[in-house]
Structures are given as C-alpha cells and as structure tokens.
Amino acid sequence: MGAYRSMRDFGRTPEPAGAGAAASAATGTAPRFVVQRHRARRLHYDLRFEMDGVLVSWAVPKGPTLDPAARHLAVHVEDHPLEYADFEGVIPAGEYGGGDVVVWDRGTWVWHETDDPRAAVAAGELHAEVHGEKLRGRLVLVRRGEADEHGKEQWLLLHKRDEHAVDGWDPEDHPRSVLSGRTNDEVKADPDRLWRSDTPAAEASVDLRPEAVAPPTEEELAALDALPAAGTWEVFGRRLRVTNLDKPLFPGREGGAPVTKRELLRYVARVAPTALPYLRGRALNMHRYPEGAAKAGFWHKELPTHAPAWLPRWDNPEADPGESTTYLVVDEPAALVWAANFGALEWHAWTSLTTAPHRPTYALVDLDPGTATPWEDLLVLARLHRDAFAHLGVRAFPKLTGRRGIQVWVPIAVGPSFDETRAWVERVSRTVGAVVPDLVSWRWEVRERGGQARLDYTQNAINKTLVAPYSPRAAAGAPVSAPITWDELDEPWLRPDAFTVRTVLDRLAERGDPFAGVLRRDQRLPPLA
C-alpha cells in the first residue's frame, strides 16, 4: 500500500486513501473482485482481486473477456485499498491516473490450484473463478518474463473454455457501470459518486447527485393562500405553524406593493427544490428580520430549543464555550420554509459540508463595491475575472448578490484547505486588480478604502458565508441573489438587484438554473505561475 499512497495526493484526488489491511480485511465475506473501466491517457480496464486485505491489481488494455480464444496483455500494478472497489468518479487531470472511472464489474472470486493466492501471484500464475455480473468462469493470469526497468511485470490474461465461455465476447460491447448504470462519458459529464478520502470508509462513498425534490402542489399553495393571518400549513409532508401571514416584510419598490410574509413563504416553497442542493449538508447562518426588511436585522446561528424535532441539525464539535453549537441544516425543503417563517429573510450557508467542515467545496471571489464604485466599474472587475478563469481553464459561476455586488463561485473537489483556497483566490484577484489598480483597494477597513472596491478573498474561511443562490435580500422589492451567465455581464439590463421573489421563478422556468454547474464538485484548482 505504500506504493499506492506515495503516487497520490489525497488532498487533490477523490480516490480512497485506504484504512489499512488490518481494518479492511475483517469483512467476514467471500473475497471480492472488481473491474474498473478507466479512461486515463489511454483506455484500459483495472482487474483487482481481494487478497490479505488489499486489492491485488492488473491493468488490462483490452479488458477481460469471456472469449477463450483471446490472449490479453495485463500489467501488474501496485496494490490498491479494499475501499477502491467502490470508487467511481473522476480523478483530476494532473493526478496519477487522471481520468474517469466506472465500476465495470464486481462480484466474488475463488482461487484454484493453490492454497495461497499471494504465493501464486509471486510464482507467476493465478487461477481465479469469478462470479460477477458480467464476468463468469475461470480466468488465468500468467506472468511473462521479468519486470521491466520501472518494476512493471507483464502478464497474460485468458478465460478458460468452460461453461461460461463465449466466443467473440468483447468487453467494449458492455460499457455501463454495474454500480450506477452510467457510461464513462456520463460520469465525466456529471460525476455524482465520488470517494471522500478524508472520512471513515463507511461514510466515504458519497452520492453527489442532488436528490430531486418535487415542487409544492397547487393544492398546497392554495391552502396557504386560504389561511387567515395564522394557521397550520401542510407542505412537503410537514405540518408548519405559520404566523403573521399578512405582515409586510419588504417595502415595495418604485411604488409597488410590499411583499408580505404569505408571499415570501409561497416563494420559498416554490424555489426550495432549486435552492436545496446549495444548502443540503451545510450549517446555515440565518439573517433574521422579524420586523421586516425595513428594520435592523441580526444574525441567528443557534437553532432554538423550541424548533420542531424533525428539523435537520448539526452539532459543531469544535464550538468554543459561548459559541453557537447547534445549526439548522436544510436537508429537506420544509426546513427552508420553517426558516423563512422564523424571520430568516436571508440564508447564508457554510461553504464546507458538515462532514468535512475544514474542507471547502467552493473557492469564492467576492466583488465588494466601495461607496464610490459605480456599477460599470464592478462589471469591469467581473469581466476581468471571467477572462482570468477562461485563461486558466477553470469552471466558475457568477451570481448577483441582490445588493450591490457580484460573487463568483468556483466548485472544487473536497481536498484543499481554506488556507489553500484563500491563497489561490488571492493570487488570482491580485493579478486582476493589478490590471485596474485605480479601482481596487486591499485595505480591510471600509473607511480606509477611499470608496474603492475590494476583491475579498478572505471569505474563504471556515464559518464565513456568502448569501446562498436564490436567497432573498432584506431590501425594497425583495431582491434575490440570482445566478447569471458570464455572457449576461454584457447585457445592458443587468443590475445587482435585477431579480426579485416576484420575477426570478419565471426566469428559472424559462432558462433553467445557470448555477447548476456549481454542484459538480470534481474540479482541481490549477497551480498558478
């Protein structure tokens, strides 16, 4: 296992680091085998057999087959941890074996013609009867000569002519994963299963595909509309006590009618299926305005003791005395409706997951305008960042704050620390700022910035939050922190509060969610020269 670990940076690759042979071997089941279809520099199949708490592995360029006439090259490679049997996802470019991987076949196996499979491998001939979903019958691996100058041994892989043999059988005719049903192309386009190498093995295999949430029914919305000023609303399978439904929470904009609490709850229920993937699994800092947006609000992090027992929550084990301990986690849509009824007009989720609070899933750029920064200057800064990310080949997604600013979220695979993402964003933003030094101040205090904008890389820190996508903002008209496309930076209609709770749902219906790419957390931040 030392060779396996020495070849990988587990702060970058989502592959499992391995729990070690002693912890892994106590499975109490028949030994496993797995075959992974792996597109790295070249397509190949990785054939792995469980022995003594590890996966003894061969890379097979043409893949294993049921065809008894085929003789395929197999290169003996380093042992892999048992946890690798479930690995399916994307190894970042630049890492060892960078490319997409699917679990092509798996099952159990029995060794033959030996009492010690490890000794058989050392002697150069392994007979394995496999019981997989695609592969069945007797496979034979035979070593051919000595290892090359890199220590790699070439072997020959064949299938015995037995009852499971199939003449002409080609593994490329059966490309789909037995784990997820996906092809390599589908994994590469939308990886939804990655291995978290920084968590215990039992928790490490993570399904990243957001669970689809059905919107509220017309009957549920009509029930809200029919309630008097307070009552019980059944929505998303929960019974919520809602109050002060006719209370204006947001002043009207430009002579328009104010937005009432009833209208806010209706918006929250309708947007929840879209907003939920950005909040799920994260501690939520609530910005509460019980008296409405026209009055001063305050931060509320601690979930109150009177909160319903069904609300998802997280206890921060690192909280110091006097700090917030129990946080709301919006793992279901009704939890977001509850927060809005509780007076949380704004939702600010942590940029790390509760399962790994010190490992962010985004690198963040906060374009914070100064008191003298016109909108056009902020757009210049945003466009320069657009060009910088395009030059670096980095996927990044812009979002209006709903106030005066613009944010850019860069999705990343779990691995880098906040110190690393902060340093990376600072390097990018200082390079951008050097192009237009008259527009930017690097001073911390607002009063020291001379009215200039700040490119705030310091938001890349634990429990530092930026307003969530589709969260309302406490301002007239109930503006929304709305994702946009990079091309829309050039649209004359664009302004930071361009969308409101009354308009953004129509945009979603017409154009979909331009921020959805943020949920693909498979990206590695490239080194900066």
# chains A, B, ... in the order shown; residues from 1 in each chain; ligands from 1
>>> select_by_dssp(residues="range 58-129 of chain A", states="alpha helix (DSSP H)", output="PyMOL selection string")
chain A and resi 117-123
>>> write_last_selection(atoms="N, CA, C and O atoms", output="PDB file, in the first residue's frame")
ATOM      1  N   PRO A 117      -3.203 -17.594  -2.565  1.00  0.00           N
ATOM      2  CA  PRO A 117      -3.204 -16.801  -3.805  1.00  0.00           C
ATOM      3  C   PRO A 117      -2.037 -15.824  -3.893  1.00  0.00           C
ATOM      4  O   PRO A 117      -1.537 -15.556  -4.997  1.00  0.00           O
ATOM      5  N   ARG A 118      -1.597 -15.300  -2.783  1.00  0.00           N
ATOM      6  CA  ARG A 118      -0.436 -14.404  -2.799  1.00  0.00           C
ATOM      7  C   ARG A 118       0.806 -15.144  -3.293  1.00  0.00           C
ATOM      8  O   ARG A 118       1.586 -14.617  -4.090  1.00  0.00           O
ATOM      9  N   ALA A 119       0.970 -16.363  -2.818  1.00  0.00           N
ATOM     10  CA  ALA A 119       2.105 -17.163  -3.273  1.00  0.00           C
ATOM     11  C   ALA A 119       1.979 -17.489  -4.762  1.00  0.00           C
ATOM     12  O   ALA A 119       2.985 -17.527  -5.488  1.00  0.00           O
ATOM     13  N   ALA A 120       0.732 -17.706  -5.209  1.00  0.00           N
ATOM     14  CA  ALA A 120       0.527 -17.989  -6.631  1.00  0.00           C
ATOM     15  C   ALA A 120       0.926 -16.795  -7.493  1.00  0.00           C
ATOM     16  O   ALA A 120       1.531 -16.951  -8.554  1.00  0.00           O
ATOM     17  N   VAL A 121       0.581 -15.586  -7.012  1.00  0.00           N
ATOM     18  CA  VAL A 121       0.980 -14.383  -7.746  1.00  0.00           C
ATOM     19  C   VAL A 121       2.497 -14.270  -7.770  1.00  0.00           C
ATOM     20  O   VAL A 121       3.109 -13.970  -8.807  1.00  0.00           O
ATOM     21  N   ALA A 122       3.129 -14.518  -6.630  1.00  0.00           N
ATOM     22  CA  ALA A 122       4.590 -14.441  -6.572  1.00  0.00           C
ATOM     23  C   ALA A 122       5.228 -15.467  -7.497  1.00  0.00           C
ATOM     24  O   ALA A 122       6.284 -15.207  -8.107  1.00  0.00           O
ATOM     25  N   ALA A 123       4.577 -16.651  -7.645  1.00  0.00           N
ATOM     26  CA  ALA A 123       5.113 -17.693  -8.522  1.00  0.00           C
ATOM     27  C   ALA A 123       4.829 -17.436  -9.990  1.00  0.00           C
ATOM     28  O   ALA A 123       5.408 -18.082 -10.870  1.00  0.00           O
TER      29      ALA A 123
END
>>> closest_atom_pairs(of="range 412-506 of chain A", to="range 278-293 of chain A", cutoff="9 Å", atoms="only C-alpha atoms", output="tab-separated table")
residue	atom	partner	partner_atom	distance
A:Asn463	CA	A:Ala283	CA	8.5
A:Thr465	CA	A:Asn285	CA	7.7
A:Ala468	CA	A:Tyr278	CA	7.1
A:Pro469	CA	A:Tyr278	CA	7.1
A:Arg473	CA	A:Ala293	CA	8.3
A:Ala474	CA	A:Ala293	CA	4.6
A:Ala475	CA	A:Ala293	CA	5.8
A:Ala476	CA	A:Ala293	CA	7.5
A:Ala478	CA	A:Ala293	CA	8.5
>>> atom_distance(atom1="CA of Thr13 in chain A", atom2="CA of Asp105 in chain A")
22.4 Å
>>> closest_residue(among="A:Thr373, A:Thr361, A:Thr65, A:Gln523", to="Leu158 in chain A", atoms="only C-alpha atoms")
A:Thr65
>>> atom_distance(atom1="CA of Gly252 in chain A", atom2="CA of Pro492 in chain A")
23.7 Å
>>> closest_residue(among="A:Arg41, A:Lys261, A:Arg511, A:Lys247", to="Gly99 in chain A", atoms="only C-alpha atoms")
A:Arg41
>>> residues_around(residues="Asp315 in chain A", least_positions_apart="5", cutoff="10 Å", atoms="only C-alpha atoms", output="VMD selection string")
chain A and resid 283 302 to 303 324 to 328 354
>>> write_last_selection(atoms="C-alpha atoms", output="PDB file, in the first residue's frame")
ATOM      1  CA  ALA A 283     -24.717  24.574   8.500  1.00  0.00           C
ATOM      2  CA  GLU A 302     -28.068  28.648  17.042  1.00  0.00           C
ATOM      3  CA  LEU A 303     -31.141  26.530  16.327  1.00  0.00           C
ATOM      4  CA  SER A 324     -23.231  28.623  18.501  1.00  0.00           C
ATOM      5  CA  THR A 325     -23.349  24.861  18.795  1.00  0.00           C
ATOM      6  CA  THR A 326     -26.437  23.528  17.030  1.00  0.00           C
ATOM      7  CA  TYR A 327     -27.082  24.721  13.485  1.00  0.00           C
ATOM      8  CA  LEU A 328     -30.014  24.254  11.169  1.00  0.00           C
ATOM      9  CA  THR A 354     -20.777  19.345   7.981  1.00  0.00           C
TER      10      THR A 354
END
>>> residues_around(residues="Asp513 in chain A", least_positions_apart="2", cutoff="8 Å", atoms="only C-alpha atoms", output="list in words")
Thr274, Pro483, Leu508, Arg511, Phe515 and Ala516 of chain A
>>> atom_distance(atom1="CA of Asp438 in chain A", atom2="CA of Ala372 in chain A")
11.7 Å
>>> residues_around(residues="range 129-146 of chain A", least_positions_apart="6", cutoff="7 Å", atoms="only C-alpha atoms", output="ChimeraX atom specification")
/A:66,105-111,153-160,162,164
>>> residues_around(residues="Tyr267 in chain A", least_positions_apart="4", cutoff="7 Å", atoms="only C-alpha atoms", output="PyMOL selection string")
chain A and resi 263+271+501
>>> write_last_selection(atoms="N, CA, C and O atoms", output="short mmCIF file (atom, residue, chain, number, x, y, z; two decimals), in the first residue's frame")
data_model
loop_
_atom_site.label_atom_id
_atom_site.label_comp_id
_atom_site.auth_asym_id
_atom_site.auth_seq_id
_atom_site.Cartn_x
_atom_site.Cartn_y
_atom_site.Cartn_z
N GLU A 263 -46.58 35.96 0.86
CA GLU A 263 -45.95 35.91 -0.46
C GLU A 263 -44.54 35.35 -0.37
O GLU A 263 -44.09 34.59 -1.24
N VAL A 271 -39.32 27.86 -4.69
CA VAL A 271 -37.91 27.87 -5.09
C VAL A 271 -37.11 26.79 -4.36
O VAL A 271 -35.99 26.46 -4.77
N VAL A 501 -38.24 38.17 -5.75
CA VAL A 501 -39.06 36.98 -5.50
C VAL A 501 -40.25 36.91 -6.44
O VAL A 501 -40.84 35.84 -6.61
#
>>> closest_residue(among="A:Val77, A:Ile91, A:Ala396, A:Ala212", to="Pro14 in chain A", atoms="only C-alpha atoms")
A:Ile91
>>> select_by_dssp(residues="range 55-229 of chain A", states="strand (DSSP E)", output="count of residues only")
62
>>> closest_residue(among="A:Trp299, A:His174, A:Ala230, A:Leu455", to="Val436 in chain A", atoms="only C-alpha atoms")
A:Leu455
>>> residues_around(residues="Val365 in chain A", least_positions_apart="6", cutoff="6 Å", atoms="only C-alpha atoms", output="list of chain:residue names")
A:Gln407, A:Val408, A:Tyr457
>>> write_last_selection(atoms="C-alpha atoms", output="compact mmCIF listing (two decimals), in the first residue's frame")
# COMPACT_ATOMS: atom_id res chain seq x y z
CA GLN A 407 -19.84 36.85 -6.41
CA VAL A 408 -18.02 34.13 -8.32
CA TYR A 457 -10.60 36.63 -0.85
>>> closest_residue(among="A:Asp52, A:Asp79, A:Asp185, A:Glu346", to="Val102 in chain A", atoms="only C-alpha atoms")
A:Asp185
>>> closest_residue(among="A:Phe10, A:Phe342, A:Trp493, A:Phe87", to="Arg37 in chain A", atoms="only C-alpha atoms")
A:Phe87
